[in-house]
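So this one's data-v3.cif, mmCIF, C-alpha atoms and all ligand atoms:
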```
data_entry
#
loop_
_atom_site.label_atom_id
_atom_site.label_comp_id
_atom_site.auth_asym_id
_atom_site.auth_seq_id
_atom_site.Cartn_x
_atom_site.Cartn_y
_atom_site.Cartn_z
CA MET A 512 30.31 125.99 77.75
CA SER A 513 27.65 124.90 80.25
CA GLY A 514 24.25 123.54 79.32
CA TYR A 515 22.62 126.62 80.80
CA VAL A 516 21.41 128.23 77.62
CA THR A 517 18.28 130.31 78.03
CA ASP A 518 15.60 131.08 75.45
CA LYS A 519 14.32 133.94 77.59
CA THR A 520 15.24 137.47 76.52
CA LEU A 521 18.17 138.68 78.58
CA SER A 522 18.04 142.44 79.19
CA VAL A 523 21.50 143.64 80.10
CA CYS A 524 21.73 147.14 81.59
CA ALA A 525 25.26 148.42 82.11
CA ASP A 526 26.16 151.51 84.13
CA MET A 527 28.52 152.78 81.44
CA PHE A 528 28.19 156.52 82.11
CA GLY A 529 26.56 157.15 85.51
CA CYS A 530 23.97 159.76 86.45
CA PRO A 531 24.05 163.54 87.04
CA ASN A 532 21.81 163.21 90.12
CA ARG A 533 22.05 161.68 93.58
CA CYS A 534 18.39 161.29 94.49
CA LEU A 535 17.63 160.54 98.13
CA HIS A 536 14.97 158.06 97.03
CA CYS A 537 17.24 156.18 94.53
CA TRP A 538 16.42 152.51 94.99
CA LEU A 539 19.46 151.44 92.96
CA GLY A 540 21.78 153.00 95.52
CA HIS A 541 24.45 155.61 94.84
CA SER A 542 27.74 154.82 93.18
CA PRO A 543 30.43 157.03 91.66
CA ASN A 544 30.16 158.10 88.04
CA VAL A 545 32.87 156.13 86.32
CA ARG A 546 32.91 155.99 82.54
CA MET A 547 33.48 152.37 81.59
CA GLU A 548 36.35 151.70 79.24
CA ASP A 549 35.94 151.63 75.45
CA GLY A 550 34.89 148.19 74.34
CA ALA A 551 33.16 147.37 77.66
CA ASP A 552 29.86 147.05 75.79
CA GLU A 553 31.16 144.46 73.30
CA TYR A 554 32.90 142.61 76.11
CA ILE A 555 29.69 142.40 78.17
CA VAL A 556 27.51 141.23 75.28
CA GLY A 557 30.22 138.82 74.15
CA LYS A 558 30.20 137.13 77.57
CA PHE A 559 26.47 136.37 77.41
CA SER A 560 26.02 135.84 73.71
CA PRO A 561 27.00 132.12 73.57
CA TYR A 562 24.30 131.37 76.16
CA CYS A 563 21.44 133.59 75.03
CA GLU A 564 19.44 133.71 71.83
CA LYS A 565 17.90 137.09 72.63
CA ILE A 566 19.76 139.98 74.25
CA GLU A 567 18.58 143.55 74.76
CA PHE A 568 21.56 145.77 75.50
CA TYR A 569 21.27 149.06 77.39
CA SER A 570 24.40 151.18 77.93
CA TRP A 571 22.70 152.85 80.90
CA LEU A 572 20.94 151.74 84.02
CA ARG A 573 20.79 155.03 85.89
CA GLU A 574 20.31 158.04 83.55
CA PRO A 575 19.42 157.39 79.89
CA ASP A 576 21.21 159.52 77.28
CA PHE A 577 23.58 161.05 79.83
CA CYS A 578 26.63 160.39 77.65
CA ASP A 579 27.83 162.74 74.95
CA GLY A 580 27.04 161.33 71.52
CA TYR A 581 23.82 159.83 72.88
CA LYS A 582 22.30 159.39 69.39
CA LYS A 583 25.19 157.24 68.19
CA ARG A 584 25.14 155.46 71.54
CA TRP A 585 21.49 154.46 71.00
CA GLU A 586 22.39 153.14 67.53
CA LYS A 587 25.15 151.08 69.07
CA ASP A 588 22.84 149.68 71.76
CA LEU A 589 20.52 148.59 68.95
CA ALA A 590 23.37 147.07 66.96
CA LEU A 591 24.74 145.14 69.94
CA SER A 592 21.32 143.72 70.81
CA LYS A 593 20.61 140.26 69.45
CA ASN A 594 17.18 139.22 68.12
CA ALA A 595 15.65 141.87 70.42
CA ARG A 596 15.30 145.64 70.62
CA PRO A 597 15.86 147.82 73.72
CA GLU A 598 12.92 149.98 74.81
CA ARG A 599 12.65 153.61 75.93
CA PHE A 600 10.10 153.16 78.82
CA GLY A 601 9.05 156.83 78.80
CA LEU A 602 12.32 157.67 80.52
CA ALA A 603 14.64 160.49 79.51
CA SER A 604 17.23 162.80 80.99
CA PHE A 605 15.87 166.14 82.19
CA TRP A 606 19.52 167.14 82.64
CA ARG A 607 19.91 166.78 78.86
CA ILE A 608 16.49 168.17 77.92
CA VAL A 609 17.48 171.60 79.26
CA ARG A 610 20.97 171.51 77.71
CA ASP A 611 20.35 170.19 74.22
CA GLU A 612 17.55 171.52 72.02
CA ASP A 613 17.84 168.57 69.62
CA TYR A 614 17.10 166.06 72.35
CA VAL A 615 13.31 166.13 72.68
CA PRO A 616 12.72 166.23 68.88
CA TRP A 617 15.05 163.24 68.63
CA LEU A 618 13.12 161.39 71.34
CA LYS A 619 9.98 161.98 69.29
CA THR A 620 11.55 160.31 66.27
CA LEU A 621 11.91 157.21 68.46
CA GLY A 622 8.19 157.27 69.23
CA VAL A 623 8.49 158.70 72.75
CA LYS A 624 5.17 160.37 73.60
CA LYS A 625 5.46 160.76 77.35
CA VAL A 626 8.35 161.37 79.74
CA GLN A 627 8.34 160.98 83.51
CA LEU A 628 9.79 163.71 85.73
CA THR A 629 10.18 163.42 89.50
CA LEU A 630 9.47 166.15 92.03
CA PHE A 631 9.86 166.07 95.80
CA GLY A 632 8.27 169.37 96.69
CA LEU A 633 9.14 173.01 96.07
CA GLU A 634 12.50 174.36 94.94
CA LYS A 635 14.73 173.86 97.98
CA THR A 636 13.28 170.45 98.78
CA THR A 637 13.47 169.11 95.23
CA ASP A 638 17.05 170.39 94.85
CA ARG A 639 17.99 168.70 98.12
CA TYR A 640 16.34 165.40 97.20
CA VAL A 641 17.83 165.33 93.69
CA GLY A 642 21.20 166.29 95.13
CA ARG A 643 21.81 169.15 92.73
CA ARG A 644 21.11 172.87 93.00
CA GLY A 645 18.91 174.01 90.12
CA ALA A 646 17.19 170.64 89.64
CA TYR A 647 13.70 172.03 90.40
CA GLY A 648 14.14 174.84 87.85
CA GLU A 649 15.41 172.31 85.30
CA ILE A 650 12.39 170.06 85.81
CA LEU A 651 10.01 172.98 85.22
CA LYS A 652 12.01 174.08 82.18
CA ALA A 653 12.08 170.52 80.86
CA THR A 654 8.29 170.36 81.31
CA ASP A 655 7.92 173.52 79.25
CA ILE A 656 10.23 172.21 76.48
CA MET A 657 8.33 168.93 76.33
CA ILE A 658 4.95 170.65 76.08
CA LYS A 659 6.24 172.88 73.25
CA ASN A 660 7.41 169.76 71.41
CA GLY A 661 4.19 167.81 71.94
CA VAL A 662 5.60 165.33 74.47
CA THR A 663 3.41 164.78 77.55
CA PRO A 664 5.05 165.35 80.96
CA ARG A 665 4.24 162.77 83.61
CA TRP A 666 4.99 164.24 87.02
CA GLN A 667 5.57 161.79 89.82
CA CYS A 668 6.01 162.97 93.40
CA PHE A 669 7.53 161.01 96.25
CA ILE A 670 5.93 161.82 99.57
CA ASN A 671 7.41 161.68 103.08
CA GLU A 672 6.34 163.20 106.39
CA GLU A 673 8.57 166.22 105.84
CA ASN A 674 7.42 167.18 102.33
CA LYS A 675 3.72 166.24 102.33
CA ASP A 676 2.47 169.84 102.42
CA GLU A 677 4.77 170.80 99.56
CA ILE A 678 3.46 167.91 97.48
CA VAL A 679 -0.04 169.40 97.89
CA LYS A 680 1.35 172.66 96.47
CA ILE A 681 2.95 170.82 93.53
CA TYR A 682 -0.40 169.16 92.85
CA GLY A 683 -1.93 172.66 92.78
CA LEU A 684 0.71 173.71 90.26
CA ALA A 685 -0.01 170.64 88.12
CA ARG A 686 -3.75 171.43 88.08
CA LYS A 687 -3.03 175.02 87.10
CA MET A 688 -0.80 173.84 84.26
CA ARG A 689 -3.52 171.47 83.08
CA GLU A 690 -5.97 174.39 82.94
CA THR A 691 -3.60 176.77 81.18
CA VAL A 692 -0.95 175.05 79.06
CA CYS A 693 -1.20 171.26 79.06
CA PRO A 694 -4.52 169.47 79.73
CA GLU A 695 -2.73 166.11 79.25
CA LEU A 696 -0.14 166.64 82.00
CA GLU A 697 -0.15 163.53 84.20
CA PHE A 698 0.37 163.58 87.94
CA PHE A 699 0.63 160.98 90.65
CA VAL A 700 1.99 160.58 94.16
CA HIS A 701 3.74 157.57 95.65
CA GLU A 702 5.58 156.67 98.85
CA GLY A 703 8.34 154.89 96.91
CA SER A 704 9.99 151.62 97.83
CA CYS A 705 12.02 151.42 101.02
CA ASP A 706 15.06 150.15 99.21
CA GLY A 707 18.56 151.38 98.38
CA GLU A 708 18.97 155.03 99.34
CA ASN A 709 15.24 155.31 100.06
CA ARG A 710 15.56 152.89 102.96
CA LYS A 711 17.52 155.59 104.80
CA LEU A 712 14.33 157.67 104.73
CA TYR A 713 12.45 155.11 106.84
CA PRO A 714 12.43 157.44 109.89
CA ILE A 715 10.51 160.08 107.88
CA ARG A 716 8.40 157.66 105.82
CA ILE A 717 4.84 158.91 105.49
CA ASN A 718 2.29 157.52 107.93
CA LYS A 719 -0.78 156.38 106.05
CA ARG A 720 -3.08 158.52 108.19
CA ASP A 721 -0.97 161.62 107.39
CA ILE A 722 -1.43 161.48 103.62
CA PRO A 723 -3.25 164.73 102.79
CA GLU A 724 -6.84 163.99 101.78
CA GLU A 725 -6.64 165.95 98.54
CA LEU A 726 -3.81 163.67 97.36
CA ILE A 727 -5.71 160.41 97.81
CA PRO A 728 -7.40 160.53 94.36
CA VAL A 729 -3.96 160.90 92.69
CA TYR A 730 -2.13 158.49 95.01
CA PHE A 731 -0.79 155.54 93.01
CA GLY A 732 -1.99 152.22 94.46
CA TYR A 733 -3.81 153.83 97.39
CA GLY A 734 -6.42 151.04 97.39
CA ASP A 735 -3.72 148.48 98.27
CA LEU A 736 -1.74 150.70 100.61
CA LEU A 737 -1.22 149.29 104.11
CA THR A 738 0.36 150.49 107.31
CA GLU A 739 3.46 148.69 108.51
CA ARG A 740 1.34 147.22 111.29
CA GLU A 741 -1.13 145.83 108.72
CA CYS A 742 1.78 144.38 106.71
CA CYS A 743 3.08 142.59 109.82
CA LEU A 744 -0.37 141.18 110.52
CA ALA A 745 -0.72 140.03 106.89
CA LEU A 746 2.57 138.12 107.19
CA GLU A 747 2.40 136.78 110.74
CA ASN A 748 0.97 133.42 109.65
CA ASP A 749 2.72 133.24 106.29
CA GLY A 750 5.18 130.39 106.64
CA SER A 751 6.27 130.48 102.99
CA GLN A 752 9.83 131.23 101.99
CA PRO A 753 10.69 134.56 100.37
CA TYR A 754 10.68 133.99 96.65
CA PHE A 755 12.18 136.26 93.99
CA HIS A 756 11.83 135.02 90.49
CA ASN A 757 12.41 136.16 86.91
CA GLY A 758 9.36 136.37 84.69
CA ASP A 759 9.25 135.80 80.94
CA GLY A 760 12.53 137.70 80.62
CA ILE A 761 15.64 138.10 82.76
CA VAL A 762 16.91 141.58 83.59
CA ILE A 763 20.41 142.01 84.93
CA TYR A 764 22.36 145.08 85.99
CA ILE A 765 26.10 145.44 85.44
CA SER A 766 27.89 147.95 87.67
CA ASN A 767 30.76 150.06 86.36
CA GLU A 768 33.06 147.50 88.03
CA TYR A 769 31.42 144.61 86.13
CA ASP A 770 29.53 143.28 89.16
CA VAL A 771 26.31 141.54 88.15
CA PHE A 772 22.90 141.84 89.88
CA PHE A 773 19.29 140.91 89.21
CA ASN A 774 16.84 143.82 89.04
CA PHE A 775 14.83 142.54 92.02
CA THR A 776 16.21 145.19 94.37
CA ASN A 777 19.21 147.46 95.03
CA MET A 778 22.74 146.71 93.86
CA SER A 779 24.29 145.92 97.24
CA ASP A 780 26.91 143.29 98.10
CA PRO A 781 24.49 140.67 99.46
CA TRP A 782 22.70 140.68 96.09
CA LYS A 783 25.81 140.37 93.95
CA ILE A 784 25.60 137.37 91.63
CA GLY A 785 29.22 137.52 90.50
CA ASN A 786 31.63 139.59 88.47
CA LEU A 787 31.85 139.46 84.71
CA VAL A 788 35.64 139.57 84.75
CA SER A 789 36.43 137.20 87.60
CA THR A 790 33.52 134.73 87.57
CA PRO A 791 33.64 132.16 84.74
CA ALA A 792 30.86 132.96 82.25
CA ASP A 793 29.27 129.49 82.40
CA GLU A 794 29.04 129.66 86.21
CA LEU A 795 27.59 133.18 86.04
CA VAL A 796 24.97 132.07 83.53
CA ARG A 797 24.15 129.01 85.63
CA MET A 798 23.55 131.20 88.71
CA ILE A 799 21.39 133.58 86.68
CA VAL A 800 19.32 130.93 84.91
CA CYS A 801 18.96 128.69 87.99
CA GLU A 802 18.46 131.70 90.29
CA ASP A 803 21.11 130.24 92.56
CA THR A 804 22.79 133.20 94.24
CA PRO A 805 23.89 133.84 97.85
CA ALA A 806 20.83 136.04 98.56
CA LEU A 807 18.39 133.55 97.04
CA ARG A 808 19.98 130.70 98.96
CA LEU A 809 19.44 132.63 102.20
CA ALA A 810 15.79 133.09 101.21
CA LYS A 811 15.32 129.33 101.56
CA LYS A 812 16.36 129.46 105.23
CA THR A 813 13.60 131.71 106.49
CA SER A 814 9.92 132.57 106.12
CA TRP A 815 7.88 135.76 105.80
CA SER A 816 6.37 135.23 109.25
CA ARG A 817 9.83 134.96 110.81
CA LEU A 818 11.05 138.07 108.99
CA ALA A 819 7.99 140.07 110.05
CA GLU A 820 8.40 138.90 113.63
CA THR A 821 12.13 139.70 113.70
CA PHE A 822 12.32 142.91 111.72
CA GLY A 823 8.79 144.34 111.57
CA ASP A 824 7.37 147.06 113.80
CA LYS A 825 3.76 146.37 114.71
CA SER A 826 3.35 149.81 116.22
CA SER A 827 4.26 151.61 112.98
CA GLU A 828 1.69 153.42 110.83
CA ARG A 829 4.20 153.97 107.99
CA ALA A 830 2.69 153.38 104.55
CA PHE A 831 3.79 150.43 102.42
CA SER A 832 2.52 148.23 99.64
CA LEU A 833 2.90 144.64 100.82
CA ASP A 834 5.42 143.83 98.07
CA ASP A 835 7.63 146.81 98.97
CA TYR A 836 7.41 145.85 102.63
CA LYS A 837 8.52 142.30 101.86
CA ILE A 838 11.66 143.47 100.09
CA PHE A 839 12.33 145.90 102.97
CA LEU A 840 12.16 143.01 105.46
CA PHE A 841 14.23 140.73 103.29
CA ASN A 842 17.00 143.33 102.88
CA LYS A 843 17.07 143.80 106.65
CA TYR A 844 17.49 140.05 106.98
CA LEU A 845 20.37 140.00 104.45
CA ASP A 846 22.13 142.81 106.30
CA SER A 847 21.63 141.02 109.57
CA GLU A 848 23.07 137.77 108.15
CA ALA A 849 26.05 139.71 106.77
CA ALA A 850 26.59 141.08 110.28
CA GLY A 851 26.64 137.54 111.70
CA GLY A 852 22.93 137.23 112.43
CA LYS A 853 22.73 140.31 114.63
CA LYS A 854 19.51 142.29 114.34
CA GLU A 855 20.00 145.88 113.22
CA GLU A 856 19.28 148.60 115.76
S1 LIG B 1 16.78 157.81 90.97
FE1 LIG B 1 17.48 157.82 88.83
S2 LIG B 1 18.07 159.96 88.45
FE2 LIG B 1 17.98 159.69 90.68
S3 LIG B 1 20.06 159.15 91.32
FE3 LIG B 1 18.94 157.22 90.99
S4 LIG B 1 19.41 156.68 88.86
FE4 LIG B 1 19.95 158.85 89.09
#
```
Have the structure of the file written as structure tokens, please.
Ligand code: SF4
Amino acid sequence: MSGYVTDKTLSVCADMFGCPNRCLHCWLGHSPNVRMEDGADEYIVGKFSPYCEKIEFYSWLREPDFCDGYKKRWEKDLALSKNARPERFGLASFWRIVRDEDYVPWLKTLGVKKVQLTLFGLEKTTDRYVGRRGAYGEILKATDIMIKNGVTPRWQCFINEENKDEIVKIYGLARKMRETVCPELEFFVHEGSCDGENRKLYPIRINKRDIPEELIPVYFGYGDLLTERECCLALENDGSQPYFHNGDGIVIYISNEYDVFFNFTNMSDPWKIGNLVSTPADELVRMIVCEDTPALRLAKKTSWSRLAETFGDKSSERAFSLDDYKIFLFNKYLDSEAAGGKKEE
């Protein structure tokens, strides 16, 4: 065993059951739903256990409670965790809410008071963005079920050029619901990261000047929102190296093929740390604890100013937070390096 033992809490999120949706904005990226084999959970925890004092184990990283027997599954996640307890994060499955009347009452027993639901516009648009016909109707039905059970819905909307007018209509619906059935209903709008699947929406990313005025008061982080041009200007003299770092805890994602990733960004090949089956555990833990992975090594060979100069578009008015823009640039750089240093078209 290596000397790389960490006293940080290791949160291990394994994609054991997949997700019913294929959202166009999914920053994790799409992958097939493959149920991991029985015993995968013990195997995963067993690999890390000799090196970690505290482990939070999650049997999901895409849709919580998507598996049948979700109550027993939660108990098992708790039992497999070591000196730590997994959290709920106000996340739940609207797919399950509308199919299982025990689900929301059960969530309440776990202390869940609020659940986030994501809309992309009216019916056709939301169904298209979620990747499933009927999704919009399910979200409204789930909202109704939550209100009846005393759980607060938190509606988030992702805005692009093509759906901005529909988001205004959804905001109108939210205000009406606040007046009539649920004064606590929460609502906010966001442009989303430009990562994973959502990066493919770059051509229709909202321009800052096109954000409808009535949405500005409910726009998350509007005060720090920049245009792409402003991001490029903010970085043009920044000679520092890109830096991605774990905080007080370490969060890792395990794909259904046992590939291991940090949670810094999407689960693409350039970000792969290793594979739980084929990479020796002590080497995997060393790379995780020392943050010594192929992507992070490439980070040391460039600077933000160079990335902005190479991959940024100073004529673009697209809206970004600076942090989201940095990861967008860095992922373009990784793709370019994987292609032999050629700049993407
Ligand atoms: S955003 Fe969430 S619900 Fe949508 S496809 Fe990704 S993991 Fe599934």
Shortest interatomic distance to Thr636 (chain A) - which of A:Thr620, A:Leu572, A:Trp666, A:Asn674, counting only C-alpha atoms | A:Asn674
Shell around Asp846 (chain A) at 12 Å using only C-alpha atoms, local window under 3 positions removed, as a ChimeraX atom specification | /A:779-782,806,809,822,839-843,849-856
All residues 10 Å or closer to Arg546 (chain A), all atoms listed in the file, same chain fewer than 6 positions away omitted, as a ChimeraX atom specification = /A:526-529,578,767
Now that the selection is made, can you save its residues with C-alpha atoms as a PDB file, keeping the file's coordinate frame?
```
ATOM      1  CA  ASP A 526      26.160 151.510  84.130  1.00  0.00           C
ATOM      2  CA  MET A 527      28.520 152.780  81.440  1.00  0.00           C
ATOM      3  CA  PHE A 528      28.190 156.520  82.110  1.00  0.00           C
ATOM      4  CA  GLY A 529      26.560 157.150  85.510  1.00  0.00           C
ATOM      5  CA  CYS A 578      26.630 160.390  77.650  1.00  0.00           C
ATOM      6  CA  ASN A 767      30.760 150.060  86.360  1.00  0.00           C
TER       7      ASN A 767
END
```
Which of A:Leu630, A:Ile650, A:Leu807, A:Val556 sits closest to Cys524 (chain A) [using only C-alpha atoms] = A:Val556
With only C-alpha atoms and all ligand atoms counted and 6 Å as the cut-off, give the residues of chain A in contact with ligand LIG 1 (chain B), each with its shortest interatomic distance in Å and the pair that gives it, as a tab-separated table.
```
residue	atom	partner	partner_atom	distance
A:Cys530	CA	B:LIG1	FE4	4.9
A:Asn532	CA	B:LIG1	S3	4.6
A:Arg533	CA	B:LIG1	S3	3.9
A:Cys534	CA	B:LIG1	FE2	4.2
A:Cys537	CA	B:LIG1	S1	3.9
A:Arg573	CA	B:LIG1	S4	3.7
A:Glu574	CA	B:LIG1	S4	5.6
```
Saved selection, atoms kept: C-alpha atoms, as a CSV table (one decimal), in the frame of the given file:
```csv
chain,number,residue,atom,x,y,z
A,530,CYS,CA,24.0,159.8,86.4
A,532,ASN,CA,21.8,163.2,90.1
A,533,ARG,CA,22.0,161.7,93.6
A,534,CYS,CA,18.4,161.3,94.5
A,537,CYS,CA,17.2,156.2,94.5
A,573,ARG,CA,20.8,155.0,85.9
A,574,GLU,CA,20.3,158.0,83.6
```
Could you list as a ChimeraX atom specification every residue that has an atom within 9 Å of (12.5, 157.2, 71.2), using the file's coordinates and counting only C-alpha atoms?
-> /A:598-601,617-624
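For the pair CA of Val545 (chain A) and CA of Asp579 (chain A), the interatomic distance is 14.1 Å.
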